[in-house]
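Enquirer: Supplied structure: entry26.txt, compact mmCIF, C-alpha atoms.
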# COMPACT_ATOMS: atom_id res chain seq x y z
CA MET R 1 -45.88 -26.54 -9.16
CA LYS R 2 -42.87 -28.81 -9.53
CA THR R 3 -42.08 -27.16 -12.87
CA LEU R 4 -42.22 -23.69 -11.32
CA THR R 5 -39.89 -24.71 -8.47
CA PHE R 6 -37.48 -26.19 -11.04
CA LEU R 7 -37.51 -23.02 -13.15
CA LEU R 8 -36.97 -20.80 -10.11
CA ALA R 9 -34.00 -22.94 -9.08
CA LEU R 10 -32.51 -22.49 -12.55
CA LEU R 11 -32.82 -18.68 -12.54
CA PRO R 12 -29.44 -17.82 -10.97
CA ALA R 13 -27.71 -20.04 -13.55
CA ILE R 14 -29.41 -18.60 -16.61
CA ALA R 15 -29.30 -14.92 -15.60
CA PRO R 16 -25.96 -14.32 -13.83
CA ALA R 17 -25.16 -11.18 -15.88
CA GLN R 18 -28.22 -9.44 -14.51
CA SER R 19 -27.67 -10.39 -10.90
CA THR R 20 -23.88 -9.91 -10.64
CA ALA R 21 -22.20 -6.48 -10.60
CA TYR R 22 -19.37 -5.91 -13.11
CA ARG R 23 -15.95 -6.65 -11.63
CA ASP R 24 -13.03 -5.61 -13.82
CA PRO R 25 -10.23 -8.19 -14.22
CA GLY R 26 -7.73 -5.42 -13.42
CA MET R 27 -9.04 -5.31 -9.84
CA LYS R 28 -7.09 -8.52 -9.17
CA VAL R 29 -3.63 -6.84 -9.26
CA VAL R 30 -2.40 -3.83 -7.26
CA THR R 31 -0.13 -1.67 -9.44
CA GLN R 32 0.67 1.36 -7.24
CA VAL R 33 0.95 2.26 -3.57
CA ALA R 34 0.94 6.03 -3.12
CA ILE R 35 2.19 8.09 -0.20
CA VAL R 36 1.26 11.74 0.24
CA CYS R 37 4.07 13.80 1.76
CA ARG R 38 4.85 17.43 2.60
CA ASP R 39 8.31 17.70 1.03
CA ILE R 40 8.90 15.28 -1.84
CA GLU R 41 12.57 16.30 -2.19
CA VAL R 42 13.31 15.12 1.34
CA THR R 43 10.99 12.09 1.38
CA SER R 44 12.12 10.72 -1.99
CA LYS R 45 15.78 10.92 -0.96
CA ARG R 46 15.04 9.06 2.28
CA TRP R 47 13.19 6.30 0.38
CA ALA R 48 16.02 5.96 -2.15
CA ALA R 49 18.58 5.63 0.65
CA VAL R 50 16.51 3.00 2.49
CA LEU R 51 15.85 0.94 -0.65
CA GLY R 52 19.38 1.26 -2.02
CA VAL R 53 18.31 2.90 -5.30
CA ASP R 54 19.07 6.21 -7.04
CA PRO R 55 16.81 9.13 -6.00
CA PRO R 56 13.87 9.26 -8.46
CA GLN R 57 13.15 12.16 -10.80
CA ILE R 58 10.50 14.59 -9.57
CA ARG R 59 8.02 16.20 -11.95
CA THR R 60 5.05 18.54 -11.47
CA THR R 61 1.72 17.72 -13.13
CA LYS R 62 0.13 20.20 -15.53
CA PRO R 63 -2.33 22.83 -14.22
CA GLY R 64 -5.72 21.25 -13.46
CA HIS R 65 -7.67 22.90 -16.33
CA GLU R 66 -5.22 21.50 -18.90
CA VAL R 67 -5.84 17.90 -17.80
CA ASN R 68 -9.55 18.07 -16.86
CA VAL R 69 -9.08 17.76 -13.10
CA LEU R 70 -12.35 17.47 -11.17
CA PHE R 71 -12.56 17.20 -7.38
CA ARG R 72 -16.00 16.29 -6.01
CA GLY R 73 -17.47 17.18 -9.40
CA ARG R 74 -15.92 20.65 -9.66
CA SER R 75 -13.01 21.89 -11.77
CA SER R 76 -9.82 22.17 -9.76
CA GLU R 77 -6.45 23.77 -10.44
CA GLY R 78 -4.91 21.24 -8.02
CA ARG R 79 -1.57 19.75 -9.06
CA ALA R 80 1.06 17.51 -7.56
CA LYS R 81 4.78 16.91 -7.53
CA LEU R 82 5.30 13.21 -8.29
CA ALA R 83 8.13 10.68 -7.98
CA PHE R 84 8.03 6.96 -8.77
CA ILE R 85 10.14 4.05 -7.53
CA LYS R 86 9.55 0.61 -9.08
CA LEU R 87 9.32 -2.17 -6.46
CA GLY R 88 8.50 -5.25 -8.52
CA GLN R 89 4.90 -5.40 -9.78
CA VAL R 90 4.08 -2.39 -7.62
CA THR R 91 5.30 1.16 -8.13
CA LEU R 92 5.76 3.29 -5.03
CA GLU R 93 4.37 6.75 -5.86
CA LEU R 94 5.30 9.78 -3.78
CA ILE R 95 2.93 12.76 -4.04
CA GLN R 96 3.33 16.30 -2.76
CA PRO R 97 0.07 18.24 -3.28
CA VAL R 98 0.44 21.66 -4.93
CA GLY R 99 -2.27 24.32 -5.17
CA GLY R 100 -6.05 23.73 -5.21
CA ASP R 101 -8.36 21.01 -3.96
CA THR R 102 -7.49 17.39 -4.68
CA SER R 103 -7.83 14.07 -2.87
CA TRP R 104 -4.07 14.36 -2.20
CA LYS R 105 -4.42 17.71 -0.40
CA GLN R 106 -7.53 16.52 1.44
CA TYR R 107 -5.65 13.45 2.76
CA LEU R 108 -2.62 15.48 3.87
CA ASP R 109 -4.78 18.16 5.56
CA THR R 110 -6.87 15.52 7.39
CA ASN R 111 -4.44 12.69 8.13
CA GLY R 112 -0.93 14.05 7.68
CA GLU R 113 1.60 12.02 5.70
CA GLY R 114 0.58 8.45 4.84
CA VAL R 115 -0.63 5.98 2.22
CA GLN R 116 -3.40 7.89 0.45
CA HIS R 117 -4.34 5.34 -2.22
CA ILE R 118 -3.61 2.06 -3.92
CA ALA R 119 -4.13 1.77 -7.67
CA PHE R 120 -5.45 -0.76 -10.17
CA GLN R 121 -5.19 -0.68 -13.99
CA VAL R 122 -8.70 -1.44 -15.27
CA THR R 123 -9.95 -2.54 -18.68
CA ASP R 124 -13.40 -0.94 -18.62
CA LEU R 125 -13.25 2.32 -16.69
CA ASP R 126 -16.91 3.32 -17.13
CA LYS R 127 -18.30 -0.03 -15.99
CA THR R 128 -15.90 -0.10 -13.04
CA ILE R 129 -16.93 3.42 -11.96
CA GLN R 130 -20.58 2.36 -12.25
CA GLY R 131 -19.92 -0.72 -10.08
CA PHE R 132 -18.29 1.37 -7.35
CA GLY R 133 -21.09 3.96 -7.57
CA ASP R 134 -23.70 1.23 -7.12
CA ALA R 135 -21.76 0.03 -4.07
CA GLY R 136 -21.92 3.52 -2.49
CA MET R 137 -18.44 4.68 -3.54
CA PRO R 138 -18.84 7.55 -6.02
CA VAL R 139 -16.06 9.31 -7.94
CA LEU R 140 -14.03 11.62 -5.69
CA HIS R 141 -11.32 13.08 -7.95
CA GLN R 142 -10.31 12.54 -11.55
CA GLY R 143 -8.16 13.81 -14.39
CA ARG R 144 -6.20 12.85 -17.47
CA TYR R 145 -2.55 11.87 -17.70
CA ASP R 146 -0.29 14.82 -18.59
CA ASP R 147 0.50 13.21 -21.98
CA ASP R 148 -3.25 12.60 -22.64
CA SER R 149 -2.66 8.84 -22.97
CA GLY R 150 -5.23 7.86 -20.32
CA ALA R 151 -7.29 8.81 -17.28
CA TYR R 152 -7.21 8.35 -13.53
CA VAL R 153 -10.25 8.18 -11.27
CA TYR R 154 -10.31 8.02 -7.47
CA VAL R 155 -13.40 6.50 -5.87
CA ASP R 156 -14.55 7.56 -2.42
CA SER R 157 -13.76 4.23 -0.74
CA ALA R 158 -11.76 5.28 2.34
CA LYS R 159 -14.65 4.88 4.79
CA ALA R 160 -15.86 1.55 3.39
CA LEU R 161 -12.50 -0.11 2.59
CA GLY R 162 -9.94 1.77 4.72
CA VAL R 163 -8.17 3.34 1.74
CA THR R 164 -8.98 5.37 -1.37
CA LEU R 165 -8.78 3.36 -4.60
CA GLU R 166 -7.42 4.76 -7.85
CA LEU R 167 -8.61 3.33 -11.15
CA LEU R 168 -6.10 3.86 -13.95
CA HIS R 169 -7.03 3.49 -17.60
CA SER R 170 -4.28 3.76 -20.20
CA GLU R 171 -5.77 4.10 -23.66
CA PRO R 172 -4.57 2.25 -26.78
CA LYS R 173 -2.39 4.43 -29.02
CA LYS R 174 -4.38 6.05 -31.85
CA MET F 1 52.33 10.94 -6.44
CA LYS F 2 50.72 9.47 -9.52
CA THR F 3 50.63 6.08 -7.80
CA LEU F 4 48.95 7.58 -4.72
CA THR F 5 46.28 9.32 -6.85
CA PHE F 6 45.68 6.05 -8.65
CA LEU F 7 45.31 4.12 -5.39
CA LEU F 8 42.95 6.74 -3.93
CA ALA F 9 40.78 6.57 -7.05
CA LEU F 10 40.57 2.79 -6.62
CA LEU F 11 39.48 2.97 -2.97
CA PRO F 12 35.69 3.16 -3.50
CA ALA F 13 35.92 0.09 -5.74
CA ILE F 14 37.95 -2.06 -3.38
CA ALA F 15 36.25 -1.06 -0.11
CA PRO F 16 32.55 -0.54 -0.89
CA ALA F 17 31.38 -2.68 2.04
CA GLN F 18 32.89 -0.26 4.52
CA SER F 19 31.45 2.88 2.98
CA THR F 20 27.95 1.68 2.05
CA ALA F 21 25.18 0.73 4.51
CA TYR F 22 23.71 -2.76 4.08
CA ARG F 23 20.64 -2.79 1.84
CA ASP F 24 18.84 -6.11 1.68
CA PRO F 25 17.88 -7.33 -1.84
CA GLY F 26 14.36 -8.02 -0.48
CA MET F 27 13.81 -4.27 -0.10
CA LYS F 28 13.33 -4.08 -3.89
CA VAL F 29 9.92 -5.83 -3.88
CA VAL F 30 6.80 -4.94 -1.86
CA THR F 31 5.02 -8.13 -0.74
CA GLN F 32 2.13 -6.89 1.46
CA VAL F 33 -0.07 -3.82 1.86
CA ALA F 34 -1.84 -3.89 5.23
CA ILE F 35 -4.98 -2.07 6.30
CA VAL F 36 -5.97 -1.77 9.94
CA CYS F 37 -9.75 -1.85 10.46
CA ARG F 38 -12.27 -1.89 13.31
CA ASP F 39 -14.45 -4.80 12.17
CA ILE F 40 -12.65 -7.31 9.97
CA GLU F 41 -15.84 -9.31 9.29
CA VAL F 42 -17.46 -6.30 7.65
CA THR F 43 -14.36 -4.89 5.94
CA SER F 44 -13.20 -8.22 4.48
CA LYS F 45 -16.65 -8.87 2.97
CA ARG F 46 -16.68 -5.40 1.39
CA TRP F 47 -13.22 -5.98 -0.13
CA ALA F 48 -14.22 -9.40 -1.47
CA ALA F 49 -17.33 -7.91 -3.10
CA VAL F 50 -15.38 -5.05 -4.69
CA LEU F 51 -12.62 -7.32 -6.02
CA GLY F 52 -14.96 -10.09 -7.15
CA VAL F 53 -13.37 -12.80 -4.97
CA ASP F 54 -14.62 -15.10 -2.20
CA PRO F 55 -14.51 -13.59 1.32
CA PRO F 56 -11.17 -14.58 2.89
CA GLN F 57 -10.81 -16.75 5.99
CA ILE F 58 -10.25 -14.83 9.24
CA ARG F 59 -7.95 -16.14 11.95
CA THR F 60 -6.78 -14.74 15.29
CA THR F 61 -3.06 -14.73 16.13
CA LYS F 62 -1.80 -16.54 19.23
CA PRO F 63 -1.52 -14.66 22.57
CA GLY F 64 1.52 -12.34 22.55
CA HIS F 65 3.61 -14.29 25.09
CA GLU F 66 3.39 -17.45 22.96
CA VAL F 67 4.92 -15.74 19.94
CA ASN F 68 7.37 -13.35 21.64
CA VAL F 69 5.51 -10.14 20.87
CA LEU F 70 7.38 -6.99 21.87
CA PHE F 71 6.03 -3.47 21.44
CA ARG F 72 8.54 -0.66 22.01
CA GLY F 73 10.82 -3.20 23.70
CA ARG F 74 8.23 -4.53 26.20
CA SER F 75 6.31 -7.81 26.18
CA SER F 76 2.78 -7.39 24.88
CA GLU F 77 -0.28 -9.63 24.90
CA GLY F 78 -1.49 -7.80 21.78
CA ARG F 79 -3.07 -9.94 19.09
CA ALA F 80 -4.87 -9.44 15.80
CA LYS F 81 -7.60 -10.89 13.64
CA LEU F 82 -6.11 -11.32 10.17
CA ALA F 83 -7.40 -11.90 6.64
CA PHE F 84 -5.41 -12.10 3.41
CA ILE F 85 -6.40 -11.50 -0.22
CA LYS F 86 -3.80 -12.19 -2.93
CA LEU F 87 -3.58 -9.39 -5.52
CA GLY F 88 -0.73 -10.50 -7.77
CA GLN F 89 2.73 -10.10 -6.25
CA VAL F 90 1.18 -8.20 -3.36
CA THR F 91 -1.07 -9.62 -0.67
CA LEU F 92 -3.68 -7.30 0.82
CA GLU F 93 -3.68 -7.90 4.58
CA LEU F 94 -6.60 -6.83 6.75
CA ILE F 95 -5.87 -6.44 10.46
CA GLN F 96 -8.24 -5.91 13.37
CA PRO F 97 -6.25 -5.25 16.56
CA VAL F 98 -7.27 -7.34 19.58
CA GLY F 99 -6.13 -6.75 23.19
CA GLY F 100 -2.86 -5.11 24.30
CA ASP F 101 -0.42 -2.67 22.76
CA THR F 102 0.74 -3.21 19.20
CA SER F 103 1.62 -1.01 16.24
CA TRP F 104 -1.79 -2.03 14.80
CA LYS F 105 -3.71 -0.71 17.82
CA GLN F 106 -1.54 2.41 17.96
CA TYR F 107 -2.31 3.18 14.30
CA LEU F 108 -6.07 2.65 14.72
CA ASP F 109 -6.20 4.74 17.93
CA THR F 110 -4.22 7.59 16.33
CA ASN F 111 -5.29 7.61 12.68
CA GLY F 112 -8.46 5.54 12.41
CA GLU F 113 -8.74 2.95 9.64
CA GLY F 114 -6.05 3.07 6.95
CA VAL F 115 -2.91 1.56 5.46
CA GLN F 116 -0.75 0.88 8.51
CA HIS F 117 2.25 -0.77 6.83
CA ILE F 118 3.80 -2.18 3.69
CA ALA F 119 5.97 -5.30 3.94
CA PHE F 120 9.18 -6.66 2.45
CA GLN F 121 10.59 -10.20 2.70
CA VAL F 122 14.26 -9.77 3.65
CA THR F 123 17.21 -12.16 3.46
CA ASP F 124 19.25 -10.87 6.38
CA LEU F 125 16.91 -9.61 9.10
CA ASP F 126 19.59 -8.60 11.63
CA LYS F 127 21.62 -6.55 9.15
CA THR F 128 18.46 -4.90 7.81
CA ILE F 129 17.32 -3.96 11.33
CA GLN F 130 20.79 -2.54 11.99
CA GLY F 131 20.62 -0.48 8.79
CA PHE F 132 17.25 1.02 9.73
CA GLY F 133 18.47 1.67 13.28
CA ASP F 134 21.52 3.52 11.94
CA ALA F 135 19.15 5.60 9.78
CA GLY F 136 17.12 6.64 12.87
CA MET F 137 14.31 4.07 12.47
CA PRO F 138 14.50 1.64 15.41
CA VAL F 139 12.37 -1.48 15.92
CA LEU F 140 8.81 -0.61 16.94
CA HIS F 141 7.03 -3.97 17.24
CA GLN F 142 8.01 -7.56 16.59
CA GLY F 143 7.01 -11.17 17.03
CA ARG F 144 7.20 -14.65 15.54
CA TYR F 145 4.80 -16.27 13.08
CA ASP F 146 2.15 -18.39 14.83
CA ASP F 147 3.69 -21.57 13.31
CA ASP F 148 7.20 -20.50 14.44
CA SER F 149 8.48 -20.55 10.84
CA GLY F 150 9.76 -16.97 10.86
CA ALA F 151 9.69 -13.49 12.38
CA TYR F 152 8.18 -10.09 11.64
CA VAL F 153 9.69 -6.76 12.65
CA TYR F 154 8.14 -3.32 12.24
CA VAL F 155 10.55 -0.38 12.09
CA ASP F 156 9.52 3.08 13.26
CA SER F 157 9.56 4.66 9.81
CA ALA F 158 6.19 6.46 9.65
CA LYS F 159 7.60 9.93 10.37
CA ALA F 160 10.56 9.59 8.02
CA LEU F 161 8.95 7.67 5.12
CA GLY F 162 5.19 8.27 5.53
CA VAL F 163 4.42 4.64 6.40
CA THR F 164 5.55 1.93 8.82
CA LEU F 165 7.66 -0.78 7.16
CA GLU F 166 7.40 -4.45 8.08
CA LEU F 167 10.39 -6.72 7.57
CA LEU F 168 9.38 -10.37 7.16
CA HIS F 169 11.87 -13.21 7.53
CA SER F 170 10.70 -16.74 6.76
CA GLU F 171 13.27 -19.25 7.99
CA PRO F 172 14.48 -22.30 6.06
CA LYS F 173 12.78 -25.53 7.25
CA LYS F 174 14.89 -27.40 9.80
Show how you would write the structure in this file as structure tokens.
Expert:
Amino acid sequence: MKTLTFLLALLPAIAPAQSTAYRDPGMKVVTQVAIVCRDIEVTSKRWAAVLGVDPPQIRTTKPGHEVNVLFRGRSSEGRAKLAFIKLGQVTLELIQPVGGDTSWKQYLDTNGEGVQHIAFQVTDLDKTIQGFGDAGMPVLHQGRYDDDSGAYVYVDSAKALGVTLELLHSEPKK
Amino acid sequence: MKTLTFLLALLPAIAPAQSTAYRDPGMKVVTQVAIVCRDIEVTSKRWAAVLGVDPPQIRTTKPGHEVNVLFRGRSSEGRAKLAFIKLGQVTLELIQPVGGDTSWKQYLDTNGEGVQHIAFQVTDLDKTIQGFGDAGMPVLHQGRYDDDSGAYVYVDSAKALGVTLELLHSEPKK
């Protein structure tokens, strides 16, 4: 009996991989804070003036089918106008939704302008998605970077955590 | 005439302080991203689990009159339960409003849970407040740190910029 008690006490130490969910090291550093807005020309100029920087360039993402955009598991032609302002470790991202269904459009339609997501650059995208899925936060919206150098995945975390999380995965150059 | 043209061309170089609004160097680095939530015990544990860190300590701020809290220019007894998780350069701040009127309570009542503000540590608080005021973003909510080592000021920027900004000013030790 003593031996059994001893072995049971040891279990958590010898089998931590089986009992602990995967947590990507990239989840320790926020890399982006993203604001959804109605008119990115106006909002980006206001931000630049307030921060004392030059107005950022604005670009429009490729049509959804060219970059594998899925929203709630379905193909979407949703796009966005984007602008980026570097603020130390964190990049401020401004997003104006364009066209079909995306998490950006959903946020703007439901909440109005505001911080729609914060982003993390993860090492193992699949394992991280699995971990969030197991915790009740499935994939909400995803696609590939316009230059095909990586992928972005939003998990449906707004109800549980107060904000949508974006997982970014830049791939090594081939 | 040539001399006059030359002098006029020099003007922007010799008198930039008069023509350019003050922009604090601290506005180049985001230091906090803050989420307002209904139950900080629950939300902070969820965040800790997702990030793979220990649950943060939770503390309640002092009553408003002890730390000079003003909301829209009036004294407020508003308080908050706070928890902090360091994520690189940025600290994730969780806020559960307690009691009277504050920008935290206003956000939760109007928008539900979400990112209520992002923060910057500024060098010259008065000049920065003046700059935001001149740009149509007056002070919304303010108070002193519980240990009296500094002040926080929220400016009413949500409509113009998509998010409320917090200006933090930690004072040199006396």
Enquirer: What's around range 69-85 of chain R at 10 Å? Count only C-alpha atoms, leave out sequence neighbours fewer than 6 positions away in its own chain, and write the answer as a VMD selection string.
Expert: (chain R and resid 32 to 34 36 to 37 39 to 41 43 to 44 47 to 48 51 53 to 63 91 to 105 138 to 145 152 to 154 156) or (chain F and resid 28)
Enquirer: Distance limit 6 Å, atoms considered: all atoms listed in the file. Which chain R residues sit that close to chain F? Return them as a VMD selection string.
Expert: chain R and resid 23 27 to 30 51 to 52 87 to 88 113 to 115 162 to 163
Enquirer: For the full set of C-alpha atoms taken in order, report to one decimal the RMSD after fitting chain R onto chain F.
Expert: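 With all C-alpha atoms paired in order, the RMSD is 0.7 Å.
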Enquirer: Is it possible to get the axis-aligned box enclosing range 70-81 of chain F (all listed atoms, 3 Å extra per side) as JSON, with centre and edge lengths in Å rounded to one decimal?
Expert:
{"center_x": 1.6, "center_y": -5.8, "center_z": 19.9, "size_x": 24.4, "size_y": 16.2, "size_z": 18.6}
Enquirer: Any idea what the distance is between CA of Asp126 in chain R and CA of Val67 in chain R?
Expert: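 If I compute the distance from CA of Asp126 in chain R to CA of Val67 in chain R, I get 18.3 Å.
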Enquirer: Suppose you want the space between CA of Ser157 in chain R and CA of Met137 in chain R; what is it in Å?
Expert: 5.5 Å
Enquirer: How far is it from CA of Gly133 in chain R to CA of Glu66 in chain R, in Å with one decimal?
Expert: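 These atoms are spaced 26.2 Å apart.
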